[in-house]
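> Structure below; questions to follow.
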4 protein chains.
Amino acid sequence: MKGTMKAVRKLTPAPGADLVEIAVPEPGPKDILVRVKATSICGTDAHIYVWNDWAKAKINPPQTMGHEFSGEVVEVGKDVDDIKIGDYVSAETHVVCGKCYQCRTGHADVCQDLSILGVDMDGCFAEYVRIPAVNAWKNDPSLPADVASIQEPLGNAVHTALSTDLVGKTVLITGCGPIGLLAIQVAKAAGAVAVFTSEVNEYRRDLSVKMGSDLAINPAKQDVISEIHKVTGGIGVDVVLEMSGNNTAINQSLKALRSGGVLVALGVPDGNITFDWGNDMVFKGITIIGVTGRKLWETWYTVRALLDSGKIDVSPIITHRLPLEDYKKGLDLMVEGNCGKVVLIP
Amino acid sequence: MKGTMKAVRKLTPAPGADLVEIAVPEPGPKDILVRVKATSICGTDAHIYVWNDWAKAKINPPQTMGHEFSGEVVEVGKDVDDIKIGDYVSAETHVVCGKCYQCRTGHADVCQDLSILGVDMDGCFAEYVRIPAVNAWKNDPSLPADVASIQEPLGNAVHTALSTDLVGKTVLITGCGPIGLLAIQVAKAAGAVAVFTSEVNEYRRDLSVKMGSDLAINPAKQDVISEIHKVTGGIGVDVVLEMSGNNTAINQSLKALRSGGVLVALGVPDGNITFDWGNDMVFKGITIIGVTGRKLWETWYTVRALLDSGKIDVSPIITHRLPLEDYKKGLDLMVEGNCGKVVLIP
Amino acid sequence: MKGTMKAVRKLTPAPGADLVEIAVPEPGPKDILVRVKATSICGTDAHIYVWNDWAKAKINPPQTMGHEFSGEVVEVGKDVDDIKIGDYVSAETHVVCGKCYQCRTGHADVCQDLSILGVDMDGCFAEYVRIPAVNAWKNDPSLPADVASIQEPLGNAVHTALSTDLVGKTVLITGCGPIGLLAIQVAKAAGAVAVFTSEVNEYRRDLSVKMGSDLAINPAKQDVISEIHKVTGGIGVDVVLEMSGNNTAINQSLKALRSGGVLVALGVPDGNITFDWGNDMVFKGITIIGVTGRKLWETWYTVRALLDSGKIDVSPIITHRLPLEDYKKGLDLMVEGNCGKVVLIP
Amino acid sequence: MKGTMKAVRKLTPAPGADLVEIAVPEPGPKDILVRVKATSICGTDAHIYVWNDWAKAKINPPQTMGHEFSGEVVEVGKDVDDIKIGDYVSAETHVVCGKCYQCRTGHADVCQDLSILGVDMDGCFAEYVRIPAVNAWKNDPSLPADVASIQEPLGNAVHTALSTDLVGKTVLITGCGPIGLLAIQVAKAAGAVAVFTSEVNEYRRDLSVKMGSDLAINPAKQDVISEIHKVTGGIGVDVVLEMSGNNTAINQSLKALRSGGVLVALGVPDGNITFDWGNDMVFKGITIIGVTGRKLWETWYTVRALLDSGKIDVSPIITHRLPLEDYKKGLDLMVEGNCGKVVLIP
């Protein structure tokens, strides 16, 4: 496939991003080329856009941004036999090595030689994207393109929520960015009897209620710990899903957790975290589970099962659908936080 | 049983302890009275002896010190039917409520209404000790009294080591106090293929080798992380058993741990712990398991099985046996750290 | 509490049961006396009523029948401190010893010295019932008496369904007696994306659809294996909940189960079961989990959480409410199988 | 690599096998060619040799026999990048599809499109063997060739024994063929405090004692159930590793198992198995885990760790080393059962 395409690119090591015309990428022998039908904005894209410290250390411009998408396969490499032209796919955005100890023992989510789409290679804020064929996930044709695109962050929510048993349990979700919001429904589908949320941003706190939160706490004004004790008969929640990476939230959530409870941590702080390891974890017999990415491919099968069966309804979270040309508006929305999921249509 | 007995008591809220003559305690209807044959010194006893901040906040003198012991039952309360006079027992030192959510769901190790022998009530550095009958553990008559006494801290080591699967795994134990030392043998008996230890005190570092450590690192002089990477082919250890409660040790051990690994935390720091939550835990997919006390009664059955079968040999760890009168010498040894387990014989 | 009461009793070792007037039982020091508000009929009661081989071997008349109930505490033994007169309770019907290895290691569901209410001692088809205080479960006053009574079989369903992870999974339930019917809703609440049922009795097959079955198969007329393969894309179900104890059903369900799947077995056959151990289990990597009773007390907490939160609605299963005097009608209904749960009101 | 080689082949669908000269196989683009240094005889080879019903249904002559081996890589296909000429390898003998649900969710041991070396394709009783490169496992050069060859059945023993926690547990192994014998040491290395064996063949029963069995029972003359109860204080064993596929052994072992215990089943019966599902499994809360093959690649890492660390010593099990030409003697030994592991040297 020859020709050019529109792409949102980071051209220089500085804030901002540009919509430019570049050559359509050519797939290697094990790659596929996908015409992007929908692509959604992740917090990571916002970090690259504003050019924070993490982005400075990690990103090598010029590079096409974006990693969440769905689309139609238009070209396949000569060694590819599983994927056909016309297939409707999304992508696992972590390109894993398949050879390290972790990959070979069922833990590719922490592969030792990991590359990420839109971070370590050109991404999908474009009309076309090239990915390794093994990273493609075939969708049912009936799945809407925007929902198909957000399966990747939904996979984060599923991986996090399903890292511990939730049946009959109470759950506190700290941080209601898109993944935290998605986790509300996943937790309920997985058997949680009550899901509470803690979020400073009013828009997202309200959205958490739309997604099913039984109590949306404003940690800037309310005492999270006493609110949680109030609704759990003084016992504390059984499980915390930590999506904020915030030092205060982590300290609060450990105190809001009952003895013997579990905190699953997906949120990534900017720097160190400080907490009372002895009193708030050891003596309480608490387990903290660090989670990143998705389990390959259990998480994707579960995502499919939950969507297909109607056990979850992610539509309230897609708050904005914009043409690709409006990428700046979309990225600004994510930076401000007054949105759920923003989808760009190339 | 009437009369008086010798007892090592904390008489005033100040450093030190006194050997005094007091009345033999009278068992209530659900209690038993035990003639102490051996009692061993825990780090907690040393804290009470030196009167550190924790002790100041927790201990109400006057009170008999000590909680680890073995002995012969000499009297039983009227409602006790399981324990007979003449039984040879040790004690679970955590007196749990049996009524809280945690107790009723198999998690009495984190009981919400816990009392501890020698901390919240009179202890066993004495000729006789009174305990609730339900806290007694019947020993085989052939078990030496000193080994029977240290089953309680051995139980901590078993609870910690068995909180994650160790078969075919490499293990780093940070901190070689008595429980860390015991954990070396427990980890090997549980299938660990290599156990490495990190300890600043030379006496205890050497003792860790006697207990089976495959590499005893001095963190004051050696780089723990690079030493561990050297012996694990650059991968890192599969499991850390954290027994130090030390901020530096915790940071080192998280970095020495392979992605997807497990850190089990028993050590209790004096204050807060600060570490790189994102890079050293979340992105590495690491699980941290806080552990306290013993599982009732799985841990005790396992302790018995390991001792009876000869899978572990705890004798090297009992470095000092002293008459009760020499309690000050024993407590000073524990404060200095130049000892394994110190046993007092009343 | 003196006086007499009405009770449905097995008076002689023969088919049938009689409604007689007997003395109200006197609680011992650790017992409570409960005025029965609702009592429900279990398949076990039907076995005792028709006097089958199991009943002949197990039951010693004269004895009051019944074990499922809810009611108000009217008297407490002198050593009872947790339960008060006026408390609204249901009962764990398994009286466990608390002393065997299984009881002491979190497995009281397979206690080695078990007695069962209405089987090994007088039961609750009466105006009053005496139970050990430790077997009482306090209900929220707002819980309807008939629902409170069927918490015990609901506990069987919860124990069975929660013995394996169901999130995103497909489930086949073989046998739609009351526990199988309850398990439909429990499985869905626990995350199952589809629940299929197999049942020969038309009344119960229809009831399974009312309870939420996505496909109710008549194994007398349909090929269970091919039906299941049809609805699972040829893969087979992830999980079987075996509630029938029927040889044909067990063979079919093992073949309908995907490789790597799990069969949880609660149903008890009359005699032996014969199946292709090698091809249908070993080579498929299938796990079979035998389950009996309820986990003490995890299961009860989960039952409460599921009912209180509205995650399950058990009302469709209560098909008949009869005065205690109509016990024969109720027992006949259970023998015929044309009912869900039958509740008697004393 | 051109030329011919010696190979033990099944030439016709009838009992026996022939040593013939055939062309050295040519590796395809993703294959490697290995010069066999040692190859060991599995019970499966004996079945093919005697031409039992399973072999008749499964094997298509002419075909080279054998699947367990170690050797040196002498040629690699053009698409192979991980394996180099000169590498010293053994092989995972199950060629899995990598595409089915089971393969993609960490359960390749029950791949839905499985081929087996020496069963579905030419095997390794020959001077050279061709295998897919992804099936190669690189050995440390210091590992003896015969030990390297038996890593594959050792992997079966590891997969079986490690399917349940063994720390502090008692274990009964029913059937002491080579895998059962290997499982004795694996179970002990994994923390079992006592391993009992049941085997009718005297040679293998004696060998089980050499491998570490604490009690070797002759089920033809002794009552397995009462013997086990005698050595477990009447409780029964915690775990059964079922390696016999024998109906009587399975029934005995379920009765010898304590309530709440686990039976792991690797042995494959000729036909159906009949047992008391209700009394011997459901009411006892027993779990039965069907196991086949090895977990890819956890099992191989564990095999390596156990061998390298010296936690297990498999040498006593290699009872016969014969030149390839003596294959008939070796196969006859396996048919009779008076051997441990028989290794052929091409």
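Lettering and numbering for the structure tokens are positional, with chains as A, B, ... in the shown order, residues counted from 1 in each chain, and ligands counted from 1 in the shown order.
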May I ask you to extract the residues of chain B within 9 Å of chain D, using only C-alpha atoms, and to give them as a ChimeraX atom specification?
/B:162,165-169,188-194,301-306,308-311
> Write out as a PDB file with N, CA and C atoms, in the first residue's frame the residues lying within 12 Å of region 321-330 of chain B, counting only C-alpha atoms and excluding same-chain residues fewer than 4 positions away.

ATOM      1  N   MET B   5       5.911 -17.461  93.229  1.00  0.00           N
ATOM      2  CA  MET B   5       6.840 -17.898  92.183  1.00  0.00           C
ATOM      3  C   MET B   5       7.752 -16.736  91.808  1.00  0.00           C
ATOM      4  N   LYS B   6       8.861 -17.090  91.177  1.00  0.00           N
ATOM      5  CA  LYS B   6       9.755 -16.070  90.650  1.00  0.00           C
ATOM      6  C   LYS B   6       9.227 -15.605  89.284  1.00  0.00           C
ATOM      7  N   ALA B   7       9.334 -14.311  89.037  1.00  0.00           N
ATOM      8  CA  ALA B   7       8.874 -13.778  87.748  1.00  0.00           C
ATOM      9  C   ALA B   7       9.705 -12.554  87.371  1.00  0.00           C
ATOM     10  N   VAL B   8      10.042 -12.466  86.082  1.00  0.00           N
ATOM     11  CA  VAL B   8      10.724 -11.273  85.566  1.00  0.00           C
ATOM     12  C   VAL B   8       9.650 -10.266  85.185  1.00  0.00           C
ATOM     13  N   ARG B   9       9.605  -9.118  85.891  1.00  0.00           N
ATOM     14  CA  ARG B   9       8.509  -8.181  85.734  1.00  0.00           C
ATOM     15  C   ARG B   9       8.999  -6.799  85.340  1.00  0.00           C
ATOM     16  N   PRO B  15      13.162   1.966  81.687  1.00  0.00           N
ATOM     17  CA  PRO B  15      14.026   0.868  81.242  1.00  0.00           C
ATOM     18  C   PRO B  15      14.290  -0.126  82.365  1.00  0.00           C
ATOM     19  N   GLY B  16      14.578  -1.382  81.967  1.00  0.00           N
ATOM     20  CA  GLY B  16      14.942  -2.402  82.934  1.00  0.00           C
ATOM     21  C   GLY B  16      13.838  -3.397  83.209  1.00  0.00           C
ATOM     22  N   ALA B  17      14.118  -4.335  84.095  1.00  0.00           N
ATOM     23  CA  ALA B  17      13.164  -5.366  84.495  1.00  0.00           C
ATOM     24  C   ALA B  17      13.671  -5.949  85.799  1.00  0.00           C
ATOM     25  N   ASP B  18      12.776  -6.507  86.603  1.00  0.00           N
ATOM     26  CA  ASP B  18      13.171  -7.038  87.903  1.00  0.00           C
ATOM     27  C   ASP B  18      12.696  -8.468  88.109  1.00  0.00           C
ATOM     28  N   LEU B  19      13.527  -9.239  88.793  1.00  0.00           N
ATOM     29  CA  LEU B  19      13.116 -10.586  89.169  1.00  0.00           C
ATOM     30  C   LEU B  19      12.515 -10.498  90.553  1.00  0.00           C
ATOM     31  N   VAL B  20      11.219 -10.810  90.640  1.00  0.00           N
ATOM     32  CA  VAL B  20      10.536 -10.661  91.927  1.00  0.00           C
ATOM     33  C   VAL B  20       9.739 -11.921  92.256  1.00  0.00           C
ATOM     34  N   GLU B  21       9.292 -11.985  93.463  1.00  0.00           N
ATOM     35  CA  GLU B  21       8.473 -13.112  93.922  1.00  0.00           C
ATOM     36  C   GLU B  21       7.020 -12.627  93.940  1.00  0.00           C
ATOM     37  N   VAL B  36       6.412 -23.482  83.654  1.00  0.00           N
ATOM     38  CA  VAL B  36       7.276 -23.167  82.520  1.00  0.00           C
ATOM     39  C   VAL B  36       8.567 -23.990  82.584  1.00  0.00           C
ATOM     40  N   LYS B  37       8.844 -24.746  81.512  1.00  0.00           N
ATOM     41  CA  LYS B  37      10.097 -25.517  81.445  1.00  0.00           C
ATOM     42  C   LYS B  37      11.174 -24.746  80.680  1.00  0.00           C
ATOM     43  N   ALA B  38      10.766 -23.980  79.681  1.00  0.00           N
ATOM     44  CA  ALA B  38      11.712 -23.147  78.926  1.00  0.00           C
ATOM     45  C   ALA B  38      10.943 -21.958  78.393  1.00  0.00           C
ATOM     46  N   THR B  39      11.595 -20.804  78.371  1.00  0.00           N
ATOM     47  CA  THR B  39      10.970 -19.607  77.807  1.00  0.00           C
ATOM     48  C   THR B  39      12.044 -18.863  77.022  1.00  0.00           C
ATOM     49  N   SER B  40      11.688 -18.377  75.826  1.00  0.00           N
ATOM     50  CA  SER B  40      12.712 -17.782  74.965  1.00  0.00           C
ATOM     51  C   SER B  40      12.425 -16.295  74.764  1.00  0.00           C
ATOM     52  N   ILE B  41      13.509 -15.567  74.471  1.00  0.00           N
ATOM     53  CA  ILE B  41      13.413 -14.107  74.399  1.00  0.00           C
ATOM     54  C   ILE B  41      13.178 -13.664  72.962  1.00  0.00           C
ATOM     55  N   CYS B  42      12.150 -12.834  72.795  1.00  0.00           N
ATOM     56  CA  CYS B  42      11.790 -12.291  71.486  1.00  0.00           C
ATOM     57  C   CYS B  42      12.289 -10.849  71.412  1.00  0.00           C
ATOM     58  N   GLY B  43      12.439 -10.327  70.206  1.00  0.00           N
ATOM     59  CA  GLY B  43      12.804  -8.919  70.040  1.00  0.00           C
ATOM     60  C   GLY B  43      11.835  -7.998  70.761  1.00  0.00           C
ATOM     61  N   ASP B  45      10.417  -8.535  73.592  1.00  0.00           N
ATOM     62  CA  ASP B  45      10.822  -8.462  75.002  1.00  0.00           C
ATOM     63  C   ASP B  45      11.956  -7.454  75.180  1.00  0.00           C
ATOM     64  N   ALA B  46      12.891  -7.438  74.214  1.00  0.00           N
ATOM     65  CA  ALA B  46      13.994  -6.476  74.285  1.00  0.00           C
ATOM     66  C   ALA B  46      13.467  -5.048  74.189  1.00  0.00           C
ATOM     67  N   TYR B  49      12.088  -4.185  77.497  1.00  0.00           N
ATOM     68  CA  TYR B  49      13.211  -4.055  78.437  1.00  0.00           C
ATOM     69  C   TYR B  49      13.874  -2.684  78.298  1.00  0.00           C
ATOM     70  N   VAL B  50      14.187  -2.277  77.046  1.00  0.00           N
ATOM     71  CA  VAL B  50      14.860  -0.979  76.871  1.00  0.00           C
ATOM     72  C   VAL B  50      13.862   0.179  76.930  1.00  0.00           C
ATOM     73  N   MET B  65       6.897 -10.185  82.044  1.00  0.00           N
ATOM     74  CA  MET B  65       7.316 -10.169  80.647  1.00  0.00           C
ATOM     75  C   MET B  65       7.295 -11.582  80.028  1.00  0.00           C
ATOM     76  N   GLY B  66       7.447 -11.621  78.676  1.00  0.00           N
ATOM     77  CA  GLY B  66       7.681 -12.893  77.992  1.00  0.00           C
ATOM     78  C   GLY B  66       6.438 -13.524  77.400  1.00  0.00           C
ATOM     79  N   CYS B 124       5.296 -15.030  80.521  1.00  0.00           N
ATOM     80  CA  CYS B 124       5.828 -16.336  80.905  1.00  0.00           C
ATOM     81  C   CYS B 124       7.285 -16.328  81.354  1.00  0.00           C
ATOM     82  N   PHE B 125       7.912 -15.178  81.533  1.00  0.00           N
ATOM     83  CA  PHE B 125       9.261 -15.170  82.131  1.00  0.00           C
ATOM     84  C   PHE B 125       9.069 -15.388  83.625  1.00  0.00           C
ATOM     85  N   ALA B 126       8.677 -16.600  83.970  1.00  0.00           N
ATOM     86  CA  ALA B 126       8.264 -16.882  85.344  1.00  0.00           C
ATOM     87  C   ALA B 126       8.212 -18.398  85.537  1.00  0.00           C
ATOM     88  N   GLU B 127       7.995 -18.820  86.755  1.00  0.00           N
ATOM     89  CA  GLU B 127       7.904 -20.265  86.990  1.00  0.00           C
ATOM     90  C   GLU B 127       6.570 -20.834  86.502  1.00  0.00           C
ATOM     91  N   ALA B 145      12.428 -29.054  75.354  1.00  0.00           N
ATOM     92  CA  ALA B 145      11.689 -27.898  75.878  1.00  0.00           C
ATOM     93  C   ALA B 145      12.092 -26.606  75.194  1.00  0.00           C
ATOM     94  N   ASP B 146      13.376 -26.452  74.849  1.00  0.00           N
ATOM     95  CA  ASP B 146      13.795 -25.193  74.220  1.00  0.00           C
ATOM     96  C   ASP B 146      13.256 -25.094  72.791  1.00  0.00           C
ATOM     97  N   VAL B 147      13.286 -26.209  72.060  1.00  0.00           N
ATOM     98  CA  VAL B 147      12.715 -26.210  70.708  1.00  0.00           C
ATOM     99  C   VAL B 147      11.207 -25.961  70.788  1.00  0.00           C
ATOM    100  N   SER B 315      18.243 -26.412  65.827  1.00  0.00           N
ATOM    101  CA  SER B 315      19.169 -26.371  66.965  1.00  0.00           C
ATOM    102  C   SER B 315      20.285 -25.339  66.817  1.00  0.00           C
ATOM    103  N   ILE B 317      20.240 -22.459  65.926  1.00  0.00           N
ATOM    104  CA  ILE B 317      19.808 -21.106  66.236  1.00  0.00           C
ATOM    105  C   ILE B 317      19.719 -20.830  67.732  1.00  0.00           C
ATOM    106  N   MET B 334      20.143  -9.906  73.378  1.00  0.00           N
ATOM    107  CA  MET B 334      19.161  -9.616  72.316  1.00  0.00           C
ATOM    108  C   MET B 334      19.262  -8.168  71.865  1.00  0.00           C
ATOM    109  N   VAL B 335      19.481  -7.261  72.807  1.00  0.00           N
ATOM    110  CA  VAL B 335      19.599  -5.846  72.465  1.00  0.00           C
ATOM    111  C   VAL B 335      20.812  -5.629  71.562  1.00  0.00           C
ATOM    112  N   GLU B 336      21.930  -6.306  71.895  1.00  0.00           N
ATOM    113  CA  GLU B 336      23.154  -6.151  71.085  1.00  0.00           C
ATOM    114  C   GLU B 336      23.065  -6.895  69.751  1.00  0.00           C
ATOM    115  N   GLY B 337      22.335  -7.987  69.752  1.00  0.00           N
ATOM    116  CA  GLY B 337      22.184  -8.749  68.510  1.00  0.00           C
ATOM    117  C   GLY B 337      23.229  -9.822  68.285  1.00  0.00           C
ATOM    118  N   ASN B 338      24.120 -10.015  69.237  1.00  0.00           N
ATOM    119  CA  ASN B 338      25.151 -11.038  69.051  1.00  0.00           C
ATOM    120  C   ASN B 338      24.696 -12.392  69.583  1.00  0.00           C
ATOM    121  N   CYS B 339      23.590 -12.825  69.060  1.00  0.00           N
ATOM    122  CA  CYS B 339      23.031 -14.094  69.511  1.00  0.00           C
ATOM    123  C   CYS B 339      22.024 -14.574  68.480  1.00  0.00           C
ATOM    124  N   GLY B 340      21.678 -15.865  68.621  1.00  0.00           N
ATOM    125  CA  GLY B 340      20.548 -16.382  67.864  1.00  0.00           C
ATOM    126  C   GLY B 340      19.359 -16.278  68.807  1.00  0.00           C
ATOM    127  N   LYS B 341      18.888 -17.433  69.246  1.00  0.00           N
ATOM    128  CA  LYS B 341      17.778 -17.453  70.178  1.00  0.00           C
ATOM    129  C   LYS B 341      18.337 -17.696  71.581  1.00  0.00           C
ATOM    130  N   VAL B 342      17.889 -16.893  72.557  1.00  0.00           N
ATOM    131  CA  VAL B 342      18.296 -17.045  73.947  1.00  0.00           C
ATOM    132  C   VAL B 342      17.142 -17.674  74.726  1.00  0.00           C
ATOM    133  N   VAL B 343      17.434 -18.805  75.390  1.00  0.00           N
ATOM    134  CA  VAL B 343      16.395 -19.509  76.150  1.00  0.00           C
ATOM    135  C   VAL B 343      16.684 -19.370  77.639  1.00  0.00           C
ATOM    136  N   LEU B 344      15.641 -19.036  78.385  1.00  0.00           N
ATOM    137  CA  LEU B 344      15.751 -18.959  79.846  1.00  0.00           C
ATOM    138  C   LEU B 344      15.076 -20.175  80.465  1.00  0.00           C
ATOM    139  N   ILE B 345      15.742 -20.738  81.490  1.00  0.00           N
ATOM    140  CA  ILE B 345      15.177 -21.913  82.163  1.00  0.00           C
ATOM    141  C   ILE B 345      14.797 -21.527  83.581  1.00  0.00           C
ATOM    142  N   PRO B 346      13.509 -21.465  83.916  1.00  0.00           N
ATOM    143  CA  PRO B 346      13.071 -21.071  85.266  1.00  0.00           C
ATOM    144  C   PRO B 346      13.454 -22.160  86.302  1.00  0.00           C
TER     145      PRO B 346
END
> Using Å and a single decimal, report how far CA of Ser163 (chain B) sits from CA of Met211 (chain B).
20.7 Å
> Can you pull out the residues contacting Val262 (chain C)? Cut-off 7 Å, using only C-alpha atoms, and skip same-chain residues under 4 positions away; I want them as a short mmCIF file (atom, residue, chain, number, x, y, z; two decimals) with all heavy atoms, in the first residue's frame.

data_model
loop_
_atom_site.label_atom_id
_atom_site.label_comp_id
_atom_site.auth_asym_id
_atom_site.auth_seq_id
_atom_site.Cartn_x
_atom_site.Cartn_y
_atom_site.Cartn_z
N ASP C 238 -16.78 -23.48 30.40
CA ASP C 238 -15.62 -23.33 31.28
C ASP C 238 -15.81 -24.08 32.59
O ASP C 238 -14.86 -24.58 33.17
CB ASP C 238 -15.40 -21.84 31.60
CG ASP C 238 -15.11 -21.01 30.37
OD1 ASP C 238 -14.16 -21.34 29.65
OD2 ASP C 238 -15.83 -20.03 30.10
N VAL C 239 -17.06 -24.13 33.05
CA VAL C 239 -17.34 -24.65 34.38
C VAL C 239 -18.64 -25.43 34.38
O VAL C 239 -19.60 -25.03 33.72
CB VAL C 239 -17.45 -23.49 35.42
CG1 VAL C 239 -17.90 -24.00 36.78
CG2 VAL C 239 -16.13 -22.74 35.54
N VAL C 240 -18.65 -26.55 35.09
CA VAL C 240 -19.88 -27.30 35.35
C VAL C 240 -20.15 -27.26 36.85
O VAL C 240 -19.23 -27.50 37.65
CB VAL C 240 -19.77 -28.77 34.89
CG1 VAL C 240 -20.96 -29.58 35.39
CG2 VAL C 240 -19.66 -28.87 33.38
N ILE C 286 -8.73 -31.57 33.43
CA ILE C 286 -9.92 -31.09 34.15
C ILE C 286 -9.76 -31.27 35.65
O ILE C 286 -9.16 -32.25 36.09
CB ILE C 286 -11.19 -31.82 33.62
CG1 ILE C 286 -11.61 -31.16 32.31
CG2 ILE C 286 -12.31 -31.85 34.66
CD1 ILE C 286 -12.72 -31.84 31.59
N THR C 287 -10.27 -30.32 36.42
CA THR C 287 -10.27 -30.42 37.87
C THR C 287 -11.70 -30.66 38.35
O THR C 287 -12.62 -29.99 37.89
CB THR C 287 -9.72 -29.12 38.50
OG1 THR C 287 -8.35 -28.98 38.14
CG2 THR C 287 -9.84 -29.14 40.01
N ILE C 288 -11.85 -31.62 39.25
CA ILE C 288 -13.15 -31.92 39.87
C ILE C 288 -13.06 -31.57 41.34
O ILE C 288 -12.18 -32.06 42.04
CB ILE C 288 -13.53 -33.41 39.69
CG1 ILE C 288 -13.60 -33.77 38.20
CG2 ILE C 288 -14.85 -33.72 40.39
CD1 ILE C 288 -13.90 -35.24 37.93
#
> Find the spatial neighbours of region 128-130 of chain B, counting only C-alpha atoms, within a cut-off of 12 Å - ignore same-chain residues fewer than 4 positions away - and output them as a PyMOL selection string.
chain B and resi 1-8+21-39+64-77+89-91+93+117-118+121-124+134-136+345-346
> Please save C-alpha atoms of the selected residues as a tab-separated table (two decimals), in the first residue's frame.

chain	number	residue	atom	x	y	z
B	1	MET	CA	-2.38	-24.02	93.16
B	2	LYS	CA	-1.33	-21.61	95.83
B	3	GLY	CA	2.02	-20.07	96.76
B	4	THR	CA	4.49	-17.76	95.13
B	5	MET	CA	6.84	-17.90	92.18
B	6	LYS	CA	9.75	-16.07	90.65
B	7	ALA	CA	8.87	-13.78	87.75
B	8	VAL	CA	10.72	-11.27	85.57
B	21	GLU	CA	8.47	-13.11	93.92
B	22	ILE	CA	4.74	-12.87	93.20
B	23	ALA	CA	1.66	-14.99	93.70
B	24	VAL	CA	1.17	-17.85	91.27
B	25	PRO	CA	-1.68	-16.78	88.96
B	26	GLU	CA	-5.06	-18.45	89.36
B	27	PRO	CA	-6.63	-19.86	86.21
B	28	GLY	CA	-10.18	-18.74	85.38
B	29	PRO	CA	-12.82	-21.27	84.27
B	30	LYS	CA	-11.49	-21.41	80.69
B	31	ASP	CA	-7.78	-21.06	81.54
B	32	ILE	CA	-4.94	-23.40	82.30
B	33	LEU	CA	-1.88	-22.95	84.51
B	34	VAL	CA	1.44	-24.12	83.10
B	35	ARG	CA	4.75	-24.75	84.89
B	36	VAL	CA	7.28	-23.17	82.52
B	37	LYS	CA	10.10	-25.52	81.44
B	38	ALA	CA	11.71	-23.15	78.93
B	39	THR	CA	10.97	-19.61	77.81
B	64	THR	CA	5.30	-10.12	83.87
B	65	MET	CA	7.32	-10.17	80.65
B	66	GLY	CA	7.68	-12.89	77.99
B	67	HIS	CA	5.45	-14.87	75.67
B	68	GLU	CA	7.41	-17.77	74.12
B	69	PHE	CA	7.50	-20.88	76.32
B	70	SER	CA	6.87	-24.56	76.77
B	71	GLY	CA	5.84	-26.35	79.92
B	72	GLU	CA	3.64	-28.78	81.81
B	73	VAL	CA	0.01	-28.17	82.63
B	74	VAL	CA	-0.48	-28.18	86.42
B	75	GLU	CA	-4.04	-26.88	86.72
B	76	VAL	CA	-7.09	-26.51	84.44
B	77	GLY	CA	-10.16	-24.30	84.74
B	89	VAL	CA	2.18	-27.62	75.87
B	90	SER	CA	3.41	-24.51	74.09
B	91	ALA	CA	1.18	-21.52	73.39
B	93	THR	CA	0.58	-16.13	72.10
B	117	LEU	CA	0.68	-12.66	76.10
B	118	GLY	CA	3.38	-10.65	77.85
B	121	MET	CA	-1.39	-9.44	80.01
B	122	ASP	CA	1.10	-11.16	82.29
B	123	GLY	CA	3.61	-13.30	80.41
B	124	CYS	CA	5.83	-16.34	80.90
B	134	VAL	CA	-7.82	-22.58	73.63
B	135	ASN	CA	-4.35	-21.08	73.17
B	136	ALA	CA	-2.54	-24.25	74.23
B	345	ILE	CA	15.18	-21.91	82.16
B	346	PRO	CA	13.07	-21.07	85.27
> Skip Leu207 (chain A) itself and residues of its chain fewer than 5 positions away, then list as a PyMOL selection string all residues within 12 Å of it, counting only C-alpha atoms.
chain A and resi 175-178+180-182+184+197-199+201-202+212-216+314-319+337-341
> Just list the residues in region 94-287 of chain B DSSP gives strand (DSSP E) on the backbone, as a PyMOL selection string.
chain B and resi 94-95+115-116+128-132+136-138+170-174+194-198+215-217+237-242+257-265+273-275+287
> Quick one: distance from CA of Pro13 (chain A) to CA of Ser115 (chain A) in Å, one decimal?
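Straight-line distance from CA of Pro13 (chain A) to CA of Ser115 (chain A) works out to 19.6 Å.
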> Need to verify the contact set: His159 (chain A), 10 Å, only C-alpha atoms, exclusion of same-chain residues closer than 2 positions in sequence. Can you return it as a VMD selection string?
chain A and resid 109 153 to 157 161 to 164 183 186 264 266 291 to 295 298 to 300 302 to 303
